[in-house]
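*Asks:* Supplied structure: final22.txt, compact mmCIF, C-alpha atoms.
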# COMPACT_ATOMS: atom_id res chain seq x y z
CA MET L 1 26.47 29.51 17.50
CA THR L 2 23.39 27.36 17.02
CA GLU L 3 21.00 27.45 19.94
CA ARG L 4 20.47 24.23 21.86
CA ILE L 5 16.90 24.60 23.04
CA VAL L 6 14.94 22.75 25.71
CA ILE L 7 11.21 23.42 25.90
CA LEU L 8 8.96 22.28 28.74
CA THR L 9 5.23 22.31 28.06
CA GLY L 10 2.32 21.90 30.44
CA ALA L 11 -1.45 21.83 30.61
CA GLY L 12 -1.84 25.48 29.62
CA LEU L 13 -0.66 24.61 26.12
CA SER L 14 -3.37 22.00 25.56
CA GLY L 15 -5.97 24.09 27.37
CA GLU L 16 -6.41 26.14 24.21
CA SER L 17 -7.28 22.94 22.37
CA GLY L 18 -10.18 22.44 24.75
CA LEU L 19 -8.56 20.07 27.25
CA ASP L 20 -9.01 20.76 30.96
CA THR L 21 -6.07 22.17 32.87
CA PHE L 22 -5.34 21.09 36.43
CA ARG L 23 -4.75 23.92 38.86
CA SER L 24 -6.62 26.83 37.31
CA ALA L 25 -10.05 27.93 38.52
CA GLY L 26 -12.45 25.21 37.47
CA GLY L 27 -9.57 22.89 36.57
CA ILE L 28 -9.41 19.14 37.08
CA TRP L 29 -8.20 19.28 40.67
CA SER L 30 -11.14 21.49 41.63
CA GLN L 31 -13.50 18.79 40.35
CA VAL L 32 -11.88 15.65 41.77
CA ARG L 33 -9.26 15.01 44.44
CA LEU L 34 -5.93 13.94 42.99
CA GLU L 35 -5.62 11.53 45.94
CA ASP L 36 -8.63 9.66 44.54
CA VAL L 37 -7.49 9.22 40.94
CA ALA L 38 -3.79 10.04 40.52
CA THR L 39 -1.82 7.96 43.01
CA PRO L 40 -0.84 4.27 43.19
CA GLU L 41 -2.82 4.07 46.43
CA ALA L 42 -5.95 5.32 44.68
CA PHE L 43 -5.59 2.67 41.99
CA ALA L 44 -5.11 -0.09 44.59
CA ARG L 45 -8.15 1.16 46.51
CA ASP L 46 -10.58 1.71 43.62
CA PRO L 47 -9.25 0.76 40.18
CA SER L 48 -12.67 1.15 38.57
CA ARG L 49 -12.84 4.81 39.58
CA VAL L 50 -9.31 5.49 38.36
CA HIS L 51 -9.95 3.79 35.02
CA ALA L 52 -13.19 5.75 34.58
CA PHE L 53 -11.32 9.02 35.18
CA TYR L 54 -8.64 8.23 32.60
CA ASN L 55 -11.13 6.77 30.13
CA ALA L 56 -12.89 10.15 30.12
CA ARG L 57 -9.61 11.99 29.68
CA ARG L 58 -8.57 9.63 26.88
CA ALA L 59 -11.83 10.28 25.04
CA ALA L 60 -11.44 14.05 25.41
CA ALA L 61 -7.84 13.95 24.18
CA GLY L 62 -8.83 11.81 21.22
CA SER L 63 -11.23 14.46 19.96
CA ALA L 64 -8.86 17.43 20.52
CA ARG L 65 -6.73 18.96 17.80
CA PRO L 66 -3.35 20.74 17.95
CA ASN L 67 -3.49 24.51 18.21
CA ALA L 68 -1.22 27.21 16.80
CA ALA L 69 1.25 26.82 19.66
CA HIS L 70 1.70 23.09 19.03
CA GLU L 71 2.17 23.79 15.32
CA ALA L 72 4.76 26.50 16.00
CA LEU L 73 6.82 24.24 18.26
CA ALA L 74 6.74 21.47 15.67
CA ARG L 75 7.98 23.93 13.07
CA LEU L 76 10.79 25.09 15.37
CA GLN L 77 11.87 21.49 15.92
CA ARG L 78 11.84 20.75 12.19
CA ASP L 79 13.81 23.86 11.29
CA HIS L 80 16.40 23.30 14.06
CA ALA L 81 16.80 19.58 13.50
CA GLY L 82 18.54 17.89 16.40
CA GLN L 83 18.78 21.12 18.42
CA VAL L 84 15.31 21.28 20.04
CA THR L 85 14.26 18.95 22.84
CA VAL L 86 10.57 19.18 23.73
CA VAL L 87 9.64 17.79 27.13
CA THR L 88 5.98 17.68 28.09
CA GLN L 89 4.06 17.16 31.29
CA ASN L 90 0.97 16.60 29.14
CA VAL L 91 -0.32 13.09 28.55
CA ASP L 92 -2.24 13.84 25.35
CA GLY L 93 -0.85 13.31 21.86
CA LEU L 94 -1.26 16.84 20.51
CA HIS L 95 2.46 17.51 20.07
CA GLU L 96 2.79 14.39 17.94
CA ALA L 97 -0.34 15.26 15.99
CA ALA L 98 1.34 18.55 15.07
CA GLY L 99 4.45 16.71 13.93
CA ALA L 100 6.78 17.12 16.92
CA CYS L 101 8.89 14.49 18.68
CA VAL L 102 8.56 14.81 22.46
CA LEU L 103 9.58 13.25 25.75
CA HIS L 104 6.46 12.48 27.80
CA MET L 105 7.74 12.76 31.35
CA HIS L 106 4.32 11.95 32.85
CA GLY L 107 3.35 9.15 30.46
CA GLU L 108 0.68 8.95 27.75
CA LEU L 109 -3.06 8.34 27.75
CA SER L 110 -2.63 6.32 24.57
CA GLN L 111 -0.56 3.67 26.35
CA ALA L 112 -1.40 0.91 28.82
CA LEU L 113 1.02 -0.48 31.40
CA CYS L 114 1.11 -3.80 33.23
CA ALA L 115 1.67 -3.27 36.95
CA VAL L 116 3.15 -6.77 37.20
CA CYS L 117 5.61 -7.14 34.31
CA SER L 118 5.89 -3.48 33.11
CA ASN L 119 4.83 -4.39 29.57
CA ARG L 120 3.42 -1.48 27.55
CA TRP L 121 0.96 -1.56 24.66
CA PRO L 122 -1.54 0.76 22.92
CA ALA L 123 -4.44 1.44 25.25
CA PRO L 124 -8.00 0.82 24.11
CA LEU L 125 -10.37 3.76 24.34
CA LYS L 126 -11.86 2.24 27.50
CA MET L 127 -9.84 0.31 30.07
CA ALA L 128 -11.17 -1.76 32.97
CA PRO L 129 -9.72 -3.56 36.01
CA GLU L 130 -10.36 -6.99 34.46
CA ASP L 131 -8.26 -6.19 31.36
CA ARG L 132 -5.35 -8.59 31.04
CA CYS L 133 -1.78 -7.88 30.02
CA PRO L 134 -1.06 -9.31 26.55
CA SER L 135 2.38 -10.38 27.76
CA CYS L 136 1.90 -12.02 31.18
CA ASN L 137 -1.92 -12.32 31.25
CA ALA L 138 -2.16 -10.62 34.65
CA ALA L 139 -5.32 -8.63 35.36
CA ALA L 140 -3.17 -5.72 36.46
CA THR L 141 -3.37 -3.21 33.63
CA ARG L 142 -3.29 0.50 34.39
CA PRO L 143 -2.93 3.69 32.37
CA ASP L 144 0.70 4.40 31.51
CA ILE L 145 0.57 7.61 33.53
CA VAL L 146 3.11 8.79 36.10
CA TRP L 147 1.10 9.31 39.25
CA PHE L 148 2.00 11.44 42.26
CA GLY L 149 4.70 9.65 44.21
CA GLU L 150 6.16 7.95 41.11
CA MET L 151 9.34 8.81 39.20
CA PRO L 152 8.82 10.74 35.94
CA TYR L 153 10.02 9.14 32.73
CA HIS L 154 13.09 10.09 30.65
CA MET L 155 14.84 11.98 33.48
CA ASP L 156 18.33 11.00 32.31
CA LYS L 157 17.67 12.37 28.82
CA ILE L 158 16.04 15.51 30.22
CA GLU L 159 18.88 16.24 32.63
CA THR L 160 21.45 15.77 29.86
CA ALA L 161 19.54 18.13 27.56
CA LEU L 162 19.24 20.78 30.30
CA ALA L 163 22.94 20.56 31.12
CA GLY L 164 23.81 21.35 27.50
CA CYS L 165 21.13 23.87 26.57
CA THR L 166 21.65 27.52 25.71
CA LEU L 167 17.94 28.43 25.80
CA PHE L 168 15.19 27.06 28.04
CA ALA L 169 11.48 27.82 27.67
CA ALA L 170 8.60 26.82 29.92
CA ILE L 171 5.20 27.05 28.24
CA GLY L 172 1.83 26.67 29.92
CA THR L 173 3.19 25.31 33.21
CA SER L 174 2.16 26.21 36.75
CA GLY L 175 5.61 25.80 38.31
CA GLN L 176 4.09 23.83 41.18
CA VAL L 177 5.09 20.26 40.32
CA TYR L 178 8.64 19.00 40.78
CA PRO L 179 10.97 17.98 39.29
CA ALA L 180 9.68 20.00 36.28
CA ALA L 181 9.46 23.21 38.32
CA GLY L 182 13.21 22.95 38.94
CA PHE L 183 14.20 22.68 35.27
CA VAL L 184 14.68 26.45 35.04
CA ASP L 185 17.30 26.26 37.79
CA ALA L 186 19.16 23.48 35.98
CA ALA L 187 19.11 25.49 32.76
CA ARG L 188 20.34 28.62 34.52
CA ALA L 189 23.15 26.61 36.10
CA ALA L 190 24.18 25.58 32.58
CA GLY L 191 24.31 29.24 31.55
CA ALA L 192 21.17 29.17 29.43
CA ARG L 193 18.83 32.06 28.77
CA THR L 194 15.36 31.35 30.13
CA ILE L 195 11.87 32.43 29.15
CA GLU L 196 8.43 31.61 30.54
CA LEU L 197 5.36 31.78 28.31
CA THR L 198 2.29 31.31 30.51
CA LEU L 199 -1.14 32.89 30.64
CA GLU L 200 -0.51 33.89 34.26
CA PRO L 201 2.71 34.14 36.29
CA SER L 202 3.73 30.75 37.65
CA GLU L 203 5.12 29.89 41.07
CA VAL L 204 8.65 30.22 39.61
CA SER L 205 8.23 33.21 37.25
CA HIS L 206 10.84 35.20 39.19
CA ARG L 207 13.52 32.70 38.20
CA PHE L 208 13.20 33.40 34.46
CA ASP L 209 15.09 36.04 32.48
CA GLU L 210 11.98 36.86 30.42
CA THR L 211 8.26 36.27 30.75
CA ASP L 212 5.33 36.55 28.35
CA HIS L 213 1.90 36.20 29.89
CA ARG L 214 -0.23 36.13 26.76
CA ALA L 215 -2.22 33.12 25.58
CA ALA L 216 0.03 30.36 24.23
CA THR L 217 -1.57 30.52 20.77
CA ARG L 218 -0.34 34.11 20.50
CA ALA L 219 2.89 34.06 22.50
CA VAL L 220 4.42 30.85 21.18
CA PRO L 221 4.06 31.53 17.43
CA ASP L 222 5.50 35.03 17.95
CA TRP L 223 8.43 33.63 19.95
CA VAL L 224 9.14 30.96 17.34
CA GLU L 225 9.02 33.54 14.55
CA CYS L 226 11.66 35.60 16.37
CA LEU L 227 13.88 32.54 16.80
CA LEU L 228 13.59 31.59 13.14
CA ALA L 229 14.08 35.11 11.79
CA PRO L 230 17.25 35.42 9.68
Would you mind giving the structure from this file in structure tokens?

*Replies:*
Amino acid sequence: MTERIVILTGAGLSGESGLDTFRSAGGIWSQVRLEDVATPEAFARDPSRVHAFYNARRAAAGSARPNAAHEALARLQRDHAGQVTVVTQNVDGLHEAAGACVLHMHGELSQALCAVCSNRWPAPLKMAPEDRCPSCNAAATRPDIVWFGEMPYHMDKIETALAGCTLFAAIGTSGQVYPAAGFVDAARAAGARTIELTLEPSEVSHRFDETDHRAATRAVPDWVECLLAP
């Protein structure tokens, strides 16, 4: 029987491409309070500060390149056409740069969103509070990022994929942010085998059938090779 695979990726995957992670020592949330830059309330209070934060992240993501783990996942998706759903908490475009098709549950740095009419369009490298929506002309543009307290994107598609999967993998995730941290439980309920590939044990490591705590650029290519072996 062909495997139906769901893969969840997090900041640890892009960390090896030089992008900052969030909850590790020295990570983003040790440098700035999430309450100041990653909530709707923060944007209402100080949009200039929020835009500056995401402008810097957009610039960093634009200069990053996919690593061996991104490339391996893209290969797996190509070789198992239609059978591999990649869901990412990451807001960079490294999966796409490697050739994968992914569901961005937390949005994308490359997109802008109008807070008034919900129009989306490609974000410029630098955004500012006075930027106007090309659809309704409101000066209410924000990064198309799912902030704390907001509903992640693509949940219907993700839940359907989890309900039908036979193998679930979590790669580079901390297991601290829901609903993503609960995906392993949904996969287990569907009867899927589960594996976690993270540099360090996550908050939910004990819920997985297997774990591999090597760097993603080593663990993921090895795992994909095993899956693709005849």

*Asks:* Which residues are near Thr166 of chain L? Cut-off 12 Å, all atoms listed in the file, ignore same chain within fewer than 5 positions. Put them as a PyMOL selection string.

*Replies:* chain L and resi 1-7+83-85+161+184+186-195

*Asks:* Could you list, as a list in words, every residue within 10 Å of segment 135-137 of chain L, counting all atoms listed in the file and ignoring same-chain residues fewer than 5 positions away?

*Replies:*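 These residues fall inside the cut-off: Cys114, Val116, Cys117, Ser118, Asn119, Arg120 and Trp121 of chain L.
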
*Asks:* Return the single residue from L:Met105, L:Arg58, L:Thr39, L:Cys133 that is closest to Asp156 of chain L, with distances computed using only C-alpha atoms.

*Replies:* L:Met105

*Asks:* What is the atom CA of Val177 of chain L to atom CA of Met155 of chain L distance in Å?

*Replies:*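 According to the coordinates, atom CA of Val177 of chain L and atom CA of Met155 of chain L are separated by 14.5 Å.
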
*Asks:* For Gly82 of chain L, which residue out of L:Leu94, L:Ala60, L:Leu125, L:Ala100 is the nearest one, using all atoms listed in the file?

*Replies:*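 The closest residue to Gly82 of chain L is L:Ala100.
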
*Asks:* Please report the interatomic distance between atom CA of Glu196 of chain L and atom CA of Ile171 of chain L in Å with one decimal.

*Replies:* 6.0 Å

*Asks:* Would you compute an axis-aligned box for segment 45-53 of chain L, covering every atom listed for it in the file with 5 Å of margin on each side, and report centre and edge lengths in Å to one decimal as AutoDock Vina command-line options?

*Replies:*
--center_x -10.7 --center_y 4.9 --center_z 40.5 --size_x 15.0 --size_y 18.3 --size_z 21.9

*Asks:* Please provide the set of residues having any atom within 8 Å of Leu8 of chain L, restricted to only C-alpha atoms, with same-chain residues fewer than 3 positions apart removed, written as an MDAnalysis selection string.

*Replies:* chainID L and resid 86:89 168:171 173 180

*Asks:* Please indicate the distance in Å from atom CA of Pro152 of chain L to atom CA of Ser14 of chain L, rounded to one decimal place.

*Replies:*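 Between these atoms lies a distance of 19.6 Å.
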
*Asks:* Of the candidates L:His213, L:Arg78, L:Lys126, L:Arg65, which shows the shortest atom-to-atom distance to His51 of chain L, using all atoms listed in the file?

*Replies:*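 The answer is L:Lys126, which sits nearest to His51 of chain L.
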
*Asks:* With a distance cut-off of 9 Å and all atoms listed in the file, select the neighbouring residues of Ser202 of chain L, excluding the residue or stretch itself and same-chain residues fewer than 3 positions from it, and output the selection as JSON, numbers by chain.

*Replies:* {"L": [172, 173, 174, 175, 176, 196, 198, 199, 205, 206]}

*Asks:* Using all atoms listed in the file, which residues sit within 9 Å of Pro40 of chain L once same-chain residues fewer than 2 positions away are excluded, as a list in words?

*Replies:*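 The neighbour list is Val37, Ala38, Ala42, Phe43, Ala44, Arg45, Trp147, Phe148, Gly149 and Glu150 of chain L.
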
*Asks:* Considering all atoms listed in the file, can you say which of L:Pro143, L:Pro66, L:Pro230, L:Pro201 comes closest to Gly107 of chain L?

*Replies:*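 Among the listed residues, L:Pro143 lies closest to Gly107 of chain L.
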
*Asks:* Pick out the closest residue to Val50 of chain L from this set: L:Met127, L:Ala81, L:Leu73, L:Ala98. Count only C-alpha atoms.

*Replies:* L:Met127

*Asks:* Can you work out which one of L:Thr141, L:Asn67, L:Thr211, L:Ser110 has the shortest atom-to-atom distance to Ser17 of chain L, counting only C-alpha atoms?

*Replies:* L:Asn67

*Asks:* Please, could all heavy atoms be added to segment 75-86 of chain L and the result written as a PDB file, in the coordinates of the input?

*Replies:*
ATOM      1  N   ARG L  75       7.217  23.259  14.108  1.00  0.00           N
ATOM      2  CA  ARG L  75       7.980  23.930  13.070  1.00  0.00           C
ATOM      3  C   ARG L  75       9.393  24.264  13.564  1.00  0.00           C
ATOM      4  O   ARG L  75      10.390  24.064  12.856  1.00  0.00           O
ATOM      5  CB  ARG L  75       7.272  25.221  12.640  1.00  0.00           C
ATOM      6  CG  ARG L  75       8.032  26.013  11.588  1.00  0.00           C
ATOM      7  CD  ARG L  75       7.404  27.368  11.348  1.00  0.00           C
ATOM      8  NE  ARG L  75       8.234  28.174  10.466  1.00  0.00           N
ATOM      9  CZ  ARG L  75       8.141  29.494  10.359  1.00  0.00           C
ATOM     10  NH1 ARG L  75       7.230  30.158  11.075  1.00  0.00           N
ATOM     11  NH2 ARG L  75       8.934  30.154   9.540  1.00  0.00           N
ATOM     12  N   LEU L  76       9.485  24.764  14.799  1.00  0.00           N
ATOM     13  CA  LEU L  76      10.790  25.090  15.370  1.00  0.00           C
ATOM     14  C   LEU L  76      11.675  23.846  15.425  1.00  0.00           C
ATOM     15  O   LEU L  76      12.863  23.893  15.074  1.00  0.00           O
ATOM     16  CB  LEU L  76      10.621  25.668  16.768  1.00  0.00           C
ATOM     17  CG  LEU L  76      11.907  26.010  17.531  1.00  0.00           C
ATOM     18  CD1 LEU L  76      12.663  27.135  16.833  1.00  0.00           C
ATOM     19  CD2 LEU L  76      11.575  26.403  18.975  1.00  0.00           C
ATOM     20  N   GLN L  77      11.098  22.735  15.833  1.00  0.00           N
ATOM     21  CA  GLN L  77      11.870  21.490  15.920  1.00  0.00           C
ATOM     22  C   GLN L  77      12.318  21.021  14.548  1.00  0.00           C
ATOM     23  O   GLN L  77      13.453  20.565  14.372  1.00  0.00           O
ATOM     24  CB  GLN L  77      11.039  20.424  16.631  1.00  0.00           C
ATOM     25  CG  GLN L  77      11.848  19.231  17.099  1.00  0.00           C
ATOM     26  CD  GLN L  77      11.016  18.274  17.907  1.00  0.00           C
ATOM     27  OE1 GLN L  77       9.968  17.808  17.450  1.00  0.00           O
ATOM     28  NE2 GLN L  77      11.465  17.958  19.114  1.00  0.00           N
ATOM     29  N   ARG L  78      11.464  21.151  13.553  1.00  0.00           N
ATOM     30  CA  ARG L  78      11.840  20.750  12.190  1.00  0.00           C
ATOM     31  C   ARG L  78      12.961  21.628  11.642  1.00  0.00           C
ATOM     32  O   ARG L  78      13.908  21.134  11.023  1.00  0.00           O
ATOM     33  CB  ARG L  78      10.636  20.849  11.250  1.00  0.00           C
ATOM     34  CG  ARG L  78       9.583  19.776  11.419  1.00  0.00           C
ATOM     35  CD  ARG L  78       8.628  19.765  10.237  1.00  0.00           C
ATOM     36  NE  ARG L  78       7.970  21.053  10.036  1.00  0.00           N
ATOM     37  CZ  ARG L  78       6.827  21.405  10.602  1.00  0.00           C
ATOM     38  NH1 ARG L  78       6.213  20.566  11.430  1.00  0.00           N
ATOM     39  NH2 ARG L  78       6.281  22.589  10.360  1.00  0.00           N
ATOM     40  N   ASP L  79      12.858  22.927  11.870  1.00  0.00           N
ATOM     41  CA  ASP L  79      13.810  23.860  11.290  1.00  0.00           C
ATOM     42  C   ASP L  79      15.145  23.890  12.026  1.00  0.00           C
ATOM     43  O   ASP L  79      16.150  24.355  11.483  1.00  0.00           O
ATOM     44  CB  ASP L  79      13.224  25.271  11.251  1.00  0.00           C
ATOM     45  CG  ASP L  79      12.137  25.418  10.201  1.00  0.00           C
ATOM     46  OD1 ASP L  79      11.789  24.404   9.574  1.00  0.00           O
ATOM     47  OD2 ASP L  79      11.641  26.544  10.002  1.00  0.00           O
ATOM     48  N   HIS L  80      15.163  23.423  13.282  1.00  0.00           N
ATOM     49  CA  HIS L  80      16.400  23.300  14.060  1.00  0.00           C
ATOM     50  C   HIS L  80      16.632  21.831  14.374  1.00  0.00           C
ATOM     51  O   HIS L  80      16.706  21.440  15.534  1.00  0.00           O
ATOM     52  CB  HIS L  80      16.324  24.116  15.346  1.00  0.00           C
ATOM     53  CG  HIS L  80      16.555  25.581  15.167  1.00  0.00           C
ATOM     54  ND1 HIS L  80      17.686  26.087  14.569  1.00  0.00           N
ATOM     55  CD2 HIS L  80      15.811  26.655  15.528  1.00  0.00           C
ATOM     56  CE1 HIS L  80      17.626  27.417  14.563  1.00  0.00           C
ATOM     57  NE2 HIS L  80      16.491  27.778  15.128  1.00  0.00           N
ATOM     58  N   ALA L  81      16.718  21.023  13.339  1.00  0.00           N
ATOM     59  CA  ALA L  81      16.800  19.580  13.500  1.00  0.00           C
ATOM     60  C   ALA L  81      17.923  19.182  14.452  1.00  0.00           C
ATOM     61  O   ALA L  81      19.068  19.594  14.293  1.00  0.00           O
ATOM     62  CB  ALA L  81      17.015  18.913  12.139  1.00  0.00           C
ATOM     63  N   GLY L  82      17.569  18.386  15.449  1.00  0.00           N
ATOM     64  CA  GLY L  82      18.540  17.890  16.400  1.00  0.00           C
ATOM     65  C   GLY L  82      18.914  18.866  17.496  1.00  0.00           C
ATOM     66  O   GLY L  82      19.693  18.518  18.384  1.00  0.00           O
ATOM     67  N   GLN L  83      18.386  20.093  17.454  1.00  0.00           N
ATOM     68  CA  GLN L  83      18.780  21.120  18.420  1.00  0.00           C
ATOM     69  C   GLN L  83      17.650  21.490  19.384  1.00  0.00           C
ATOM     70  O   GLN L  83      17.856  22.323  20.268  1.00  0.00           O
ATOM     71  CB  GLN L  83      19.248  22.380  17.690  1.00  0.00           C
ATOM     72  CG  GLN L  83      20.441  22.164  16.776  1.00  0.00           C
ATOM     73  CD  GLN L  83      21.676  21.681  17.515  1.00  0.00           C
ATOM     74  OE1 GLN L  83      21.986  22.163  18.597  1.00  0.00           O
ATOM     75  NE2 GLN L  83      22.375  20.717  16.937  1.00  0.00           N
ATOM     76  N   VAL L  84      16.468  20.903  19.221  1.00  0.00           N
ATOM     77  CA  VAL L  84      15.310  21.280  20.040  1.00  0.00           C
ATOM     78  C   VAL L  84      14.748  20.037  20.728  1.00  0.00           C
ATOM     79  O   VAL L  84      14.261  19.115  20.066  1.00  0.00           O
ATOM     80  CB  VAL L  84      14.208  21.944  19.193  1.00  0.00           C
ATOM     81  CG1 VAL L  84      13.025  22.321  20.083  1.00  0.00           C
ATOM     82  CG2 VAL L  84      14.756  23.174  18.475  1.00  0.00           C
ATOM     83  N   THR L  85      14.839  20.019  22.038  1.00  0.00           N
ATOM     84  CA  THR L  85      14.260  18.950  22.840  1.00  0.00           C
ATOM     85  C   THR L  85      12.970  19.455  23.461  1.00  0.00           C
ATOM     86  O   THR L  85      12.987  20.440  24.202  1.00  0.00           O
ATOM     87  CB  THR L  85      15.213  18.493  23.961  1.00  0.00           C
ATOM     88  OG1 THR L  85      16.436  18.023  23.384  1.00  0.00           O
ATOM     89  CG2 THR L  85      14.586  17.386  24.801  1.00  0.00           C
ATOM     90  N   VAL L  86      11.860  18.808  23.147  1.00  0.00           N
ATOM     91  CA  VAL L  86      10.570  19.180  23.730  1.00  0.00           C
ATOM     92  C   VAL L  86      10.209  18.150  24.782  1.00  0.00           C
ATOM     93  O   VAL L  86      10.101  16.957  24.489  1.00  0.00           O
ATOM     94  CB  VAL L  86       9.465  19.271  22.662  1.00  0.00           C
ATOM     95  CG1 VAL L  86       8.130  19.639  23.321  1.00  0.00           C
ATOM     96  CG2 VAL L  86       9.831  20.288  21.589  1.00  0.00           C
TER      97      VAL L  86
END
